[in-house]
Structures are given as C-alpha cells and as structure tokens.
$ cat protein02.txt   # compact mmCIF, C-alpha atoms
# COMPACT_ATOMS: atom_id res chain seq x y z
CA MET A 1 -19.18 -27.65 -46.01
CA ALA A 2 -16.41 -27.53 -48.56
CA ASP A 3 -15.78 -30.61 -50.72
CA SER A 4 -12.20 -30.58 -49.48
CA LEU A 5 -13.45 -31.72 -46.07
CA LEU A 6 -15.84 -34.64 -45.78
CA ILE A 7 -17.93 -35.08 -42.63
CA ASP A 8 -19.55 -38.34 -41.61
CA ASP A 9 -21.59 -38.93 -38.45
CA ARG A 10 -22.25 -42.42 -37.16
CA ALA A 11 -23.62 -43.16 -33.69
CA GLY A 12 -21.82 -40.37 -31.92
CA VAL A 13 -18.56 -40.64 -33.90
CA ARG A 14 -17.80 -37.78 -36.30
CA THR A 15 -15.19 -38.51 -38.96
CA LEU A 16 -13.48 -35.57 -40.64
CA THR A 17 -11.71 -36.58 -43.86
CA LEU A 18 -9.21 -34.27 -45.56
CA ASN A 19 -10.23 -34.65 -49.19
CA ARG A 20 -7.51 -33.33 -51.50
CA PRO A 21 -5.95 -36.64 -52.57
CA HIS A 22 -4.41 -35.11 -55.70
CA ARG A 23 -2.17 -33.09 -53.32
CA LYS A 24 -1.82 -35.84 -50.70
CA ASN A 25 -4.31 -33.80 -48.69
CA ALA A 26 -2.07 -30.74 -48.41
CA ILE A 27 -4.18 -28.10 -46.68
CA ASP A 28 -5.03 -25.01 -48.70
CA VAL A 29 -6.84 -21.83 -47.62
CA GLU A 30 -10.32 -23.28 -48.03
CA LEU A 31 -9.45 -26.44 -46.11
CA TRP A 32 -7.81 -24.55 -43.21
CA HIS A 33 -11.01 -22.57 -42.72
CA ALA A 34 -13.25 -25.61 -43.17
CA LEU A 35 -11.25 -27.69 -40.71
CA ALA A 36 -11.21 -25.01 -38.02
CA GLY A 37 -14.95 -24.54 -38.41
CA ALA A 38 -15.66 -28.27 -38.30
CA LEU A 39 -13.61 -28.75 -35.14
CA ARG A 40 -15.37 -25.87 -33.39
CA ALA A 41 -18.75 -27.18 -34.53
CA ALA A 42 -17.97 -30.64 -33.13
CA ASP A 43 -17.23 -29.06 -29.76
CA THR A 44 -20.70 -27.51 -29.53
CA ASP A 45 -22.64 -30.55 -30.79
CA ASP A 46 -23.76 -32.75 -27.90
CA THR A 47 -24.36 -35.67 -30.26
CA VAL A 48 -20.63 -35.89 -31.01
CA ARG A 49 -18.84 -38.17 -28.52
CA ALA A 50 -15.61 -38.81 -30.47
CA VAL A 51 -13.87 -37.34 -33.52
CA VAL A 52 -11.76 -39.26 -36.03
CA LEU A 53 -9.45 -37.26 -38.28
CA THR A 54 -8.14 -38.91 -41.44
CA GLY A 55 -7.22 -38.32 -45.08
CA ALA A 56 -8.54 -39.55 -48.41
CA GLY A 57 -6.73 -41.41 -51.16
CA GLY A 58 -4.05 -43.25 -49.19
CA ALA A 59 -2.41 -40.26 -47.48
CA PHE A 60 -3.08 -38.52 -44.19
CA CYS A 61 -1.72 -35.03 -44.89
CA SER A 62 1.39 -33.70 -46.62
CA GLY A 63 1.24 -30.44 -44.66
CA ALA A 64 0.27 -26.94 -45.71
CA ASP A 65 -0.18 -26.37 -49.43
CA ILE A 66 2.59 -23.84 -50.08
CA GLY A 67 2.11 -23.83 -53.84
CA THR A 68 -0.93 -21.55 -53.98
CA GLY A 69 1.00 -18.27 -54.41
CA GLU A 70 -1.47 -16.37 -52.28
CA ALA A 71 -0.57 -12.68 -51.89
CA VAL A 72 -1.30 -12.14 -48.19
CA HIS A 73 0.94 -11.39 -45.23
CA PRO A 74 2.55 -14.56 -43.80
CA ARG A 75 1.10 -13.72 -40.38
CA ARG A 76 -2.37 -14.08 -41.84
CA LYS A 77 -1.43 -17.47 -43.28
CA LEU A 78 -0.06 -18.64 -39.95
CA GLN A 79 -3.19 -17.51 -38.14
CA ARG A 80 -5.14 -20.14 -40.08
CA LEU A 81 -2.82 -22.81 -38.73
CA THR A 82 -3.13 -21.40 -35.23
CA ASP A 83 -6.92 -21.47 -35.48
CA VAL A 84 -6.88 -25.17 -36.41
CA ALA A 85 -4.28 -26.13 -33.81
CA LEU A 86 -6.20 -24.41 -31.01
CA ALA A 87 -9.58 -25.76 -32.14
CA LEU A 88 -8.16 -29.28 -32.11
CA HIS A 89 -6.42 -28.86 -28.76
CA ASN A 90 -9.47 -27.26 -27.13
CA LEU A 91 -11.90 -29.85 -28.48
CA THR A 92 -13.41 -31.44 -25.37
CA VAL A 93 -14.30 -34.79 -26.94
CA PRO A 94 -11.52 -37.36 -27.49
CA THR A 95 -9.89 -37.38 -30.92
CA ILE A 96 -8.25 -40.13 -32.98
CA ALA A 97 -5.92 -39.62 -35.96
CA LYS A 98 -6.19 -42.46 -38.49
CA VAL A 99 -3.02 -42.26 -40.55
CA HIS A 100 -2.63 -43.90 -43.95
CA GLY A 101 0.47 -43.00 -45.97
CA VAL A 102 2.38 -39.80 -45.29
CA ALA A 103 1.93 -37.37 -42.42
CA VAL A 104 4.57 -34.68 -42.79
CA GLY A 105 5.13 -31.14 -41.56
CA ALA A 106 1.94 -29.55 -40.35
CA GLY A 107 0.21 -32.78 -41.35
CA TRP A 108 2.17 -34.77 -38.78
CA ASN A 109 1.57 -32.16 -36.10
CA LEU A 110 -2.12 -32.27 -36.94
CA ALA A 111 -2.05 -35.98 -36.11
CA LEU A 112 0.01 -35.39 -32.96
CA GLY A 113 -2.59 -32.86 -31.83
CA CYS A 114 -5.09 -35.72 -31.57
CA ASP A 115 -5.40 -37.71 -28.36
CA LEU A 116 -4.69 -41.06 -30.02
CA VAL A 117 -2.86 -41.92 -33.26
CA VAL A 118 -3.33 -45.11 -35.27
CA ALA A 119 -1.09 -45.81 -38.28
CA THR A 120 -0.37 -48.58 -40.76
CA PRO A 121 3.07 -50.17 -41.19
CA GLU A 122 3.36 -48.25 -44.46
CA SER A 123 2.82 -44.84 -42.83
CA LYS A 124 5.68 -42.34 -43.01
CA PHE A 125 6.30 -39.30 -40.83
CA SER A 126 8.57 -36.27 -41.05
CA GLN A 127 8.98 -32.87 -39.45
CA ILE A 128 9.93 -31.76 -42.94
CA PHE A 129 10.12 -28.02 -42.24
CA ALA A 130 13.92 -27.68 -42.36
CA LYS A 131 14.00 -29.18 -45.85
CA ARG A 132 11.63 -26.42 -46.94
CA GLY A 133 13.64 -23.65 -45.29
CA LEU A 134 11.01 -23.28 -42.58
CA SER A 135 10.75 -23.65 -38.82
CA VAL A 136 8.37 -26.01 -37.07
CA ASP A 137 4.70 -24.96 -36.79
CA LEU A 138 1.16 -26.15 -35.99
CA GLY A 139 2.16 -26.71 -32.39
CA GLY A 140 5.09 -29.04 -33.04
CA SER A 141 7.41 -27.02 -30.82
CA TRP A 142 5.03 -27.65 -27.89
CA LEU A 143 3.84 -31.16 -28.71
CA LEU A 144 7.10 -32.91 -29.57
CA PRO A 145 9.15 -32.14 -26.42
CA LYS A 146 6.24 -33.28 -24.25
CA LEU A 147 5.83 -36.51 -26.18
CA VAL A 148 9.44 -37.56 -26.80
CA GLY A 149 11.63 -35.24 -24.72
CA LEU A 150 13.68 -32.27 -25.84
CA GLN A 151 16.62 -34.15 -27.38
CA GLN A 152 14.53 -36.42 -29.62
CA ALA A 153 12.31 -33.48 -30.55
CA LYS A 154 15.37 -31.57 -31.73
CA ARG A 155 16.57 -34.58 -33.69
CA LEU A 156 13.25 -34.93 -35.49
CA VAL A 157 12.94 -31.22 -36.26
CA LEU A 158 16.54 -30.24 -37.03
CA LEU A 159 17.32 -33.23 -39.25
CA ALA A 160 13.83 -33.57 -40.73
CA ASP A 161 14.31 -37.31 -41.25
CA MET A 162 11.50 -39.45 -42.58
CA ILE A 163 10.67 -42.19 -40.07
CA ASP A 164 8.40 -45.19 -40.37
CA ALA A 165 5.47 -46.19 -38.21
CA GLY A 166 7.55 -48.65 -36.21
CA GLU A 167 9.99 -45.98 -35.07
CA ALA A 168 7.17 -43.52 -34.45
CA HIS A 169 5.50 -46.13 -32.25
CA GLU A 170 8.72 -46.78 -30.33
CA LEU A 171 9.04 -43.03 -29.69
CA GLY A 172 5.48 -42.82 -28.42
CA LEU A 173 4.27 -40.74 -31.38
CA VAL A 174 1.91 -43.46 -32.59
CA THR A 175 -0.44 -45.21 -30.18
CA TRP A 176 -1.10 -48.31 -32.30
CA VAL A 177 0.11 -49.74 -35.62
CA ARG A 178 -2.41 -51.84 -37.52
CA ALA A 179 -2.37 -53.44 -40.97
CA ALA A 180 -3.94 -51.39 -43.74
CA ASP A 181 -6.81 -53.86 -44.10
CA GLU A 182 -7.46 -53.77 -40.33
CA ILE A 183 -7.08 -50.11 -39.42
CA ASP A 184 -10.62 -49.00 -40.32
CA ASP A 185 -12.28 -51.64 -38.14
CA PHE A 186 -9.78 -51.03 -35.35
CA VAL A 187 -10.35 -47.26 -35.29
CA ASP A 188 -14.11 -47.81 -35.49
CA ALA A 189 -13.92 -50.07 -32.43
CA VAL A 190 -11.80 -47.61 -30.42
CA ALA A 191 -14.05 -44.69 -31.37
CA ARG A 192 -17.11 -46.74 -30.44
CA ARG A 193 -15.68 -47.49 -26.99
CA ILE A 194 -15.04 -43.78 -26.45
CA ALA A 195 -18.48 -42.78 -27.74
CA ASP A 196 -20.08 -45.28 -25.35
CA GLY A 197 -18.16 -43.85 -22.40
CA PRO A 198 -19.28 -41.15 -19.96
CA PRO A 199 -18.92 -37.98 -22.05
CA TYR A 200 -18.53 -35.45 -19.24
CA ALA A 201 -16.05 -37.59 -17.33
CA LEU A 202 -13.96 -38.25 -20.45
CA ALA A 203 -13.92 -34.53 -21.27
CA GLN A 204 -12.81 -33.80 -17.71
CA SER A 205 -10.04 -36.41 -17.84
CA LYS A 206 -8.79 -35.14 -21.20
CA ALA A 207 -8.58 -31.59 -19.86
CA LEU A 208 -6.90 -32.75 -16.65
CA LEU A 209 -4.25 -34.65 -18.59
CA ASN A 210 -3.60 -31.73 -20.93
CA ASP A 211 -3.31 -29.30 -18.03
CA GLY A 212 -1.30 -31.77 -15.96
CA ALA A 213 1.47 -31.77 -18.55
CA THR A 214 2.51 -28.31 -17.37
CA ALA A 215 1.08 -28.24 -13.83
CA THR A 216 2.78 -28.95 -10.54
CA PHE A 217 1.63 -32.02 -8.64
CA ALA A 218 -0.25 -29.84 -6.17
CA GLU A 219 -1.96 -27.97 -9.01
CA ALA A 220 -2.94 -31.26 -10.67
CA LEU A 221 -4.47 -32.54 -7.42
CA ALA A 222 -6.39 -29.29 -6.99
CA ASN A 223 -7.68 -29.54 -10.56
CA GLU A 224 -8.82 -33.11 -9.93
CA SER A 225 -10.61 -32.06 -6.75
CA ARG A 226 -12.49 -29.38 -8.65
CA ALA A 227 -13.39 -31.69 -11.53
CA GLN A 228 -14.64 -34.76 -9.70
CA PRO A 229 -17.75 -33.21 -8.09
CA GLY A 230 -19.03 -32.38 -11.56
CA ASN A 231 -19.05 -36.08 -12.40
CA PHE A 232 -21.13 -36.88 -9.32
CA ALA A 233 -23.61 -34.26 -10.55
CA THR A 234 -24.40 -36.27 -13.69
CA THR A 235 -26.48 -39.41 -14.01
CA ASP A 236 -23.42 -41.33 -15.24
CA SER A 237 -21.90 -41.96 -11.82
CA ALA A 238 -25.10 -43.50 -10.46
CA GLU A 239 -25.59 -45.41 -13.72
CA ALA A 240 -22.11 -46.91 -13.45
CA TYR A 241 -22.78 -48.22 -9.96
CA ALA A 242 -26.24 -49.51 -10.93
CA ALA A 243 -24.86 -51.31 -13.97
CA PHE A 244 -22.09 -52.87 -11.89
CA ALA A 245 -24.61 -54.14 -9.32
CA ALA A 246 -26.88 -55.49 -12.07
CA LYS A 247 -23.95 -57.03 -13.97
CA ARG A 248 -24.87 -55.20 -17.17
CA ASP A 249 -23.19 -52.66 -19.44
CA PRO A 250 -23.79 -49.05 -18.41
CA SER A 251 -25.56 -46.55 -20.65
CA PHE A 252 -23.85 -43.19 -20.27
CA THR A 253 -25.50 -39.94 -21.36
CA GLY A 254 -23.70 -37.18 -19.44
CA THR A 255 -27.08 -35.85 -18.30
CA TRP A 256 -26.94 -33.23 -15.55
CA ALA A 257 -28.72 -34.67 -12.52
CA VAL A 258 -28.90 -31.66 -10.19
CA PRO A 259 -32.38 -30.11 -10.20
CA PRO A 260 -32.53 -26.45 -11.13
CA VAL A 261 -32.92 -23.90 -8.39
CA THR A 262 -36.48 -22.62 -8.20
CA LYS A 263 -37.57 -19.34 -6.69
CA GLU A 264 -40.18 -19.44 -3.95
$ encode --input "protein02.txt" --output "structure tokens"
Amino acid sequence: MADSLLIDDRAGVRTLTLNRPHRKNAIDVELWHALAGALRAADTDDTVRAVVLTGAGGAFCSGADIGTGEAVHPRRKLQRLTDVALALHNLTVPTIAKVHGVAVGAGWNLALGCDLVVATPESKFSQIFAKRGLSVDLGGSWLLPKLVGLQQAKRLVLLADMIDAGEAHELGLVTWVRAADEIDDFVDAVARRIADGPPYALAQSKALLNDGATATFAEALANESRAQPGNFATTDSAEAYAAFAAKRDPSFTGTWAVPPVTKE
C-alpha cells in the first residue's frame, strides 16, 4: 500500500490514516486510488468490524490536491472522487471519522461520508469550493441537505464559511467533540464497542438507515421485514439471549447458523 495511506489493524478495528501532512493531507492521484482500494478491501475482509478514517500531522484533510497539474480530462479526475465516495458509502461496516485540524472541501465531505464524526475543539470545517471557483463534490450535494436541511446546506456551500467544531456539532455535522488529548482514547472506545457488536446486525441497520433516508415509511418497514430474518439466521441472536439469561457480556461473531442444504 502506498506510503500516503497508512493502515493499522487492531482487534477488528482498521484505521486508515491519510499521510500527506506536508499538504495537510490533500488527496493526490496516488492517494485517491489507495483510499478507494483500501475501503473496498475492508468491505471484503471479515476480520474488519469497524473502520476509523483520520489524518496525520494535525490535520484531517484539506481536500483534493489541485496543485499537481495533471494533464487528464477533468471527468477522469472526478471519477477518482466518485470511486472513493461510493466505496465509503457502500462499506458495510460502521465508519468513524476522527478529525484533527482542518477538514475542508472534499476533505470535509469525506468525513461526512462516515457514519460517526469525532472532532476536537480546534477542528475547522469549510465547504470551500466556491472560494476555489468550484462546485461542491464528493457527495456533499447529497449529504449536506440530508444532515442539516436544504437552507443550511446552501448557506454552507454558497458562502463557503469556515466554521468551528462547536457550530458543526450544533448543526449535527459532528457527533462528538472531544479534547485533543482525549480524542484518540474516545475514538478507540467507540470503535471497540462497534467491533464487539453483532457484525451482521450492525451492517443491516446501517444499510436500513441509509436507505430509509430516501424511502417511504412503507418501504422502510418492508426493508426491515426483509432484513430481520437474516439476523435470526446467525448465532448472534441466540447468543444475545443466552448472555442476557446468564448475566454476562455476549460474544458476537456473525456466524451463519443455518445448516447447508444437503442432497439425498
């Protein structure tokens, strides 16, 4: 894997660290490809139960690196962003963005594409596109209206203001704000709780919530009815009840419990 993306696995938690601190982790061609590949790989690795996305050197991500002068069609450049945005959105395991410093432009939308966002009081956020003569990308046009409503989304994008973590938290764009010397332990604890959870059930719930954002109530209920039997077909449901009865913590594995069909 490229040096611009660091990968660390610990007890079911995979941490992906954008590692271009000299550019505040602006994402160049190599890093776009590496990140898309790493997200897809995490989705096919059964040992991965949670993914943490963060940046090195005191910054999360300052967006796409537009200073490379690459001579390719802009559509090709944007396809790299699309590949990352879709890989992150389609990732079945829960994701956490750990934000130190700035998260601007595509960098902020990369964080918003995660299921949970943790920032420090010093973190800064901006949909900076307008100040660069660009329109919003990396899924911001879809994510922002769903998270803050259309009017606030337009305010953030059209004015491109820099906001702090407190305001981002008030708007619902940051899940938690923690001191810089506490954020690592806090994210580790949240990721550990997710990794210890029932993997299939959490993946189902994540998909149901994502789909429910654009579904009718009847469609959401139908989706839930289709999803729930799959949970009963794993060992986790029985384990949860057994642990409750025994007054112990459950041990979830997501193991499929239905015996295979055998031919007579």
$ closest_residue --input "protein02.txt" --among "A:Leu221, A:Leu173, A:Leu35, A:Leu6" --to "Cys114 in chain A" --atoms "all atoms listed in the file"
A:Leu173
$ atom_distance --input "protein02.txt" --atom1 "CA of Ala257 in chain A" --atom2 "CA of Leu202 in chain A"
17.1 Å
$ residues_around --input "protein02.txt" --residues "Gly58 in chain A" --least-positions-apart "4" --cutoff "10 Å" --atoms "all atoms listed in the file" --output "PyMOL selection string"
chain A and resi 21+24-25+54+99-102+123+180
$ atom_distance --input "protein02.txt" --atom1 "CA of Ala203 in chain A" --atom2 "CA of Thr92 in chain A"
5.2 Å
$ residues_around --input "protein02.txt" --residues "Trp108 in chain A" --least-positions-apart "3" --cutoff "10 Å" --atoms "all atoms listed in the file" --output "mmCIF file with C-alpha atoms, keeping the file's coordinate frame"
data_model
loop_
_atom_site.group_PDB
_atom_site.id
_atom_site.type_symbol
_atom_site.label_atom_id
_atom_site.label_comp_id
_atom_site.auth_asym_id
_atom_site.auth_seq_id
_atom_site.Cartn_x
_atom_site.Cartn_y
_atom_site.Cartn_z
ATOM 1 C CA PHE A 60 -3.080 -38.520 -44.190
ATOM 2 C CA CYS A 61 -1.720 -35.030 -44.890
ATOM 3 C CA SER A 62 1.390 -33.700 -46.620
ATOM 4 C CA GLY A 63 1.240 -30.440 -44.660
ATOM 5 C CA ALA A 97 -5.920 -39.620 -35.960
ATOM 6 C CA VAL A 99 -3.020 -42.260 -40.550
ATOM 7 C CA VAL A 102 2.380 -39.800 -45.290
ATOM 8 C CA ALA A 103 1.930 -37.370 -42.420
ATOM 9 C CA VAL A 104 4.570 -34.680 -42.790
ATOM 10 C CA GLY A 105 5.130 -31.140 -41.560
ATOM 11 C CA ALA A 111 -2.050 -35.980 -36.110
ATOM 12 C CA LEU A 112 0.010 -35.390 -32.960
ATOM 13 C CA GLY A 113 -2.590 -32.860 -31.830
ATOM 14 C CA LYS A 124 5.680 -42.340 -43.010
ATOM 15 C CA PHE A 125 6.300 -39.300 -40.830
ATOM 16 C CA SER A 126 8.570 -36.270 -41.050
ATOM 17 C CA GLN A 127 8.980 -32.870 -39.450
ATOM 18 C CA ILE A 128 9.930 -31.760 -42.940
ATOM 19 C CA LEU A 138 1.160 -26.150 -35.990
ATOM 20 C CA GLY A 140 5.090 -29.040 -33.040
ATOM 21 C CA LEU A 173 4.270 -40.740 -31.380
#
$ atom_distance --input "protein02.txt" --atom1 "CA of Gly254 in chain A" --atom2 "CA of Tyr200 in chain A"
5.5 Å
$ closest_residue --input "protein02.txt" --among "A:Ala220, A:Pro259, A:Ile96, A:Asp211" --to "Thr234 in chain A" --atoms "all atoms listed in the file"
A:Pro259
$ residues_around --input "protein02.txt" --residues "range 26-31 of chain A" --least-positions-apart "3" --cutoff "8 Å" --atoms "only C-alpha atoms" --output "ChimeraX atom specification"
/A:2,4-5,18,20,23,34-35,61-66,68,80,107
$ residues_near_point --input "protein02.txt" --point "(-21.4, -35.1, -21.7)" --cutoff "10 Å" --atoms "all atoms listed in the file" --output "ChimeraX atom specification"
/A:46-49,92-93,197-204,231,234,236,252-256
$ residues_around --input "protein02.txt" --residues "Ala195 in chain A" --least-positions-apart "5" --cutoff "9 Å" --atoms "all atoms listed in the file" --output "list in words"
Ala11, Gly12, Val13, Val48, Arg49, Ala50, Pro94 and Val190 of chain A
$ closest_residue --input "protein02.txt" --among "A:Asp115, A:Glu122, A:Asp9, A:Asp196" --to "Leu88 in chain A" --atoms "only C-alpha atoms"
A:Asp115
$ axis_aligned_box --input "protein02.txt" --around "range 200-208 of chain A" --padding-each-side "6 Å" --output "AutoDock Vina command-line options"
--center_x -12.7 --center_y -34.9 --center_z -19.0 --size_x 23.6 --size_y 18.7 --size_z 16.6
$ residues_around --input "protein02.txt" --residues "Phe129 in chain A" --least-positions-apart "2" --cutoff "10 Å" --atoms "only C-alpha atoms" --output "NGL selection string"
:A and (63 or 104-106 or 126-127 or 131-137 or 157-160)
$ decode --input "protein02.txt" --residues "range 163-185 of chain A" --atoms "N, CA, C and O atoms" --output "PDB file, in the first residue's frame"
ATOM      1  N   ILE A 163     -16.282  27.117   9.670  1.00  0.00           N
ATOM      2  CA  ILE A 163     -16.967  27.025  10.954  1.00  0.00           C
ATOM      3  C   ILE A 163     -16.149  26.165  11.904  1.00  0.00           C
ATOM      4  O   ILE A 163     -15.327  25.343  11.488  1.00  0.00           O
ATOM      5  N   ASP A 164     -16.381  26.361  13.195  1.00  0.00           N
ATOM      6  CA  ASP A 164     -15.627  25.595  14.180  1.00  0.00           C
ATOM      7  C   ASP A 164     -16.388  24.335  14.575  1.00  0.00           C
ATOM      8  O   ASP A 164     -17.527  24.094  14.147  1.00  0.00           O
ATOM      9  N   ALA A 165     -15.766  23.531  15.415  1.00  0.00           N
ATOM     10  CA  ALA A 165     -16.353  22.256  15.799  1.00  0.00           C
ATOM     11  C   ALA A 165     -17.637  22.437  16.592  1.00  0.00           C
ATOM     12  O   ALA A 165     -18.559  21.623  16.473  1.00  0.00           O
ATOM     13  N   GLY A 166     -17.703  23.505  17.370  1.00  0.00           N
ATOM     14  CA  GLY A 166     -18.910  23.753  18.152  1.00  0.00           C
ATOM     15  C   GLY A 166     -20.115  23.971  17.259  1.00  0.00           C
ATOM     16  O   GLY A 166     -21.192  23.402  17.488  1.00  0.00           O
ATOM     17  N   GLU A 167     -19.960  24.813  16.240  1.00  0.00           N
ATOM     18  CA  GLU A 167     -21.076  25.056  15.325  1.00  0.00           C
ATOM     19  C   GLU A 167     -21.402  23.812  14.512  1.00  0.00           C
ATOM     20  O   GLU A 167     -22.582  23.501  14.282  1.00  0.00           O
ATOM     21  N   ALA A 168     -20.369  23.092  14.088  1.00  0.00           N
ATOM     22  CA  ALA A 168     -20.597  21.857  13.343  1.00  0.00           C
ATOM     23  C   ALA A 168     -21.376  20.854  14.186  1.00  0.00           C
ATOM     24  O   ALA A 168     -22.262  20.151  13.686  1.00  0.00           O
ATOM     25  N   HIS A 169     -21.074  20.813  15.476  1.00  0.00           N
ATOM     26  CA  HIS A 169     -21.799  19.915  16.384  1.00  0.00           C
ATOM     27  C   HIS A 169     -23.250  20.349  16.531  1.00  0.00           C
ATOM     28  O   HIS A 169     -24.171  19.522  16.516  1.00  0.00           O
ATOM     29  N   GLU A 170     -23.472  21.649  16.668  1.00  0.00           N
ATOM     30  CA  GLU A 170     -24.842  22.165  16.799  1.00  0.00           C
ATOM     31  C   GLU A 170     -25.670  21.859  15.553  1.00  0.00           C
ATOM     32  O   GLU A 170     -26.875  21.602  15.643  1.00  0.00           O
ATOM     33  N   LEU A 171     -25.027  21.859  14.391  1.00  0.00           N
ATOM     34  CA  LEU A 171     -25.721  21.577  13.136  1.00  0.00           C
ATOM     35  C   LEU A 171     -25.933  20.082  12.898  1.00  0.00           C
ATOM     36  O   LEU A 171     -26.651  19.693  11.982  1.00  0.00           O
ATOM     37  N   GLY A 172     -25.328  19.258  13.724  1.00  0.00           N
ATOM     38  CA  GLY A 172     -25.435  17.823  13.540  1.00  0.00           C
ATOM     39  C   GLY A 172     -24.435  17.256  12.560  1.00  0.00           C
ATOM     40  O   GLY A 172     -24.598  16.131  12.066  1.00  0.00           O
ATOM     41  N   LEU A 173     -23.374  18.000  12.265  1.00  0.00           N
ATOM     42  CA  LEU A 173     -22.338  17.555  11.334  1.00  0.00           C
ATOM     43  C   LEU A 173     -21.153  16.923  12.044  1.00  0.00           C
ATOM     44  O   LEU A 173     -20.269  16.364  11.396  1.00  0.00           O
ATOM     45  N   VAL A 174     -21.122  17.024  13.353  1.00  0.00           N
ATOM     46  CA  VAL A 174     -20.140  16.360  14.200  1.00  0.00           C
ATOM     47  C   VAL A 174     -20.909  15.634  15.291  1.00  0.00           C
ATOM     48  O   VAL A 174     -21.811  16.208  15.906  1.00  0.00           O
ATOM     49  N   THR A 175     -20.586  14.370  15.506  1.00  0.00           N
ATOM     50  CA  THR A 175     -21.299  13.574  16.504  1.00  0.00           C
ATOM     51  C   THR A 175     -20.844  13.911  17.914  1.00  0.00           C
ATOM     52  O   THR A 175     -21.668  14.060  18.825  1.00  0.00           O
ATOM     53  N   TRP A 176     -19.531  14.014  18.112  1.00  0.00           N
ATOM     54  CA  TRP A 176     -18.960  14.342  19.411  1.00  0.00           C
ATOM     55  C   TRP A 176     -17.779  15.300  19.225  1.00  0.00           C
ATOM     56  O   TRP A 176     -17.078  15.256  18.218  1.00  0.00           O
ATOM     57  N   VAL A 177     -17.562  16.151  20.225  1.00  0.00           N
ATOM     58  CA  VAL A 177     -16.364  16.986  20.296  1.00  0.00           C
ATOM     59  C   VAL A 177     -15.608  16.576  21.548  1.00  0.00           C
ATOM     60  O   VAL A 177     -16.179  16.557  22.650  1.00  0.00           O
ATOM     61  N   ARG A 178     -14.331  16.243  21.373  1.00  0.00           N
ATOM     62  CA  ARG A 178     -13.500  15.821  22.495  1.00  0.00           C
ATOM     63  C   ARG A 178     -12.166  16.556  22.445  1.00  0.00           C
ATOM     64  O   ARG A 178     -11.661  16.871  21.369  1.00  0.00           O
ATOM     65  N   ALA A 179     -11.600  16.815  23.606  1.00  0.00           N
ATOM     66  CA  ALA A 179     -10.306  17.496  23.694  1.00  0.00           C
ATOM     67  C   ALA A 179      -9.247  16.717  22.917  1.00  0.00           C
ATOM     68  O   ALA A 179      -9.322  15.486  22.791  1.00  0.00           O
ATOM     69  N   ALA A 180      -8.258  17.451  22.414  1.00  0.00           N
ATOM     70  CA  ALA A 180      -7.231  16.834  21.582  1.00  0.00           C
ATOM     71  C   ALA A 180      -6.503  15.706  22.300  1.00  0.00           C
ATOM     72  O   ALA A 180      -6.106  14.715  21.678  1.00  0.00           O
ATOM     73  N   ASP A 181      -6.318  15.845  23.613  1.00  0.00           N
ATOM     74  CA  ASP A 181      -5.617  14.800  24.358  1.00  0.00           C
ATOM     75  C   ASP A 181      -6.539  13.659  24.789  1.00  0.00           C
ATOM     76  O   ASP A 181      -6.099  12.718  25.441  1.00  0.00           O
ATOM     77  N   GLU A 182      -7.826  13.743  24.421  1.00  0.00           N
ATOM     78  CA  GLU A 182      -8.785  12.699  24.769  1.00  0.00           C
ATOM     79  C   GLU A 182      -9.364  11.983  23.545  1.00  0.00           C
ATOM     80  O   GLU A 182      -9.931  10.898  23.672  1.00  0.00           O
ATOM     81  N   ILE A 183      -9.216  12.580  22.376  1.00  0.00           N
ATOM     82  CA  ILE A 183      -9.940  12.074  21.212  1.00  0.00           C
ATOM     83  C   ILE A 183      -9.491  10.673  20.805  1.00  0.00           C
ATOM     84  O   ILE A 183     -10.320   9.834  20.414  1.00  0.00           O
ATOM     85  N   ASP A 184      -8.200  10.375  20.902  1.00  0.00           N
ATOM     86  CA  ASP A 184      -7.727   9.047  20.500  1.00  0.00           C
ATOM     87  C   ASP A 184      -8.361   7.956  21.346  1.00  0.00           C
ATOM     88  O   ASP A 184      -8.880   6.960  20.816  1.00  0.00           O
ATOM     89  N   ASP A 185      -8.323   8.130  22.668  1.00  0.00           N
ATOM     90  CA  ASP A 185      -8.911   7.126  23.557  1.00  0.00           C
ATOM     91  C   ASP A 185     -10.419   7.030  23.362  1.00  0.00           C
ATOM     92  O   ASP A 185     -10.989   5.936  23.417  1.00  0.00           O
TER      93      ASP A 185
END
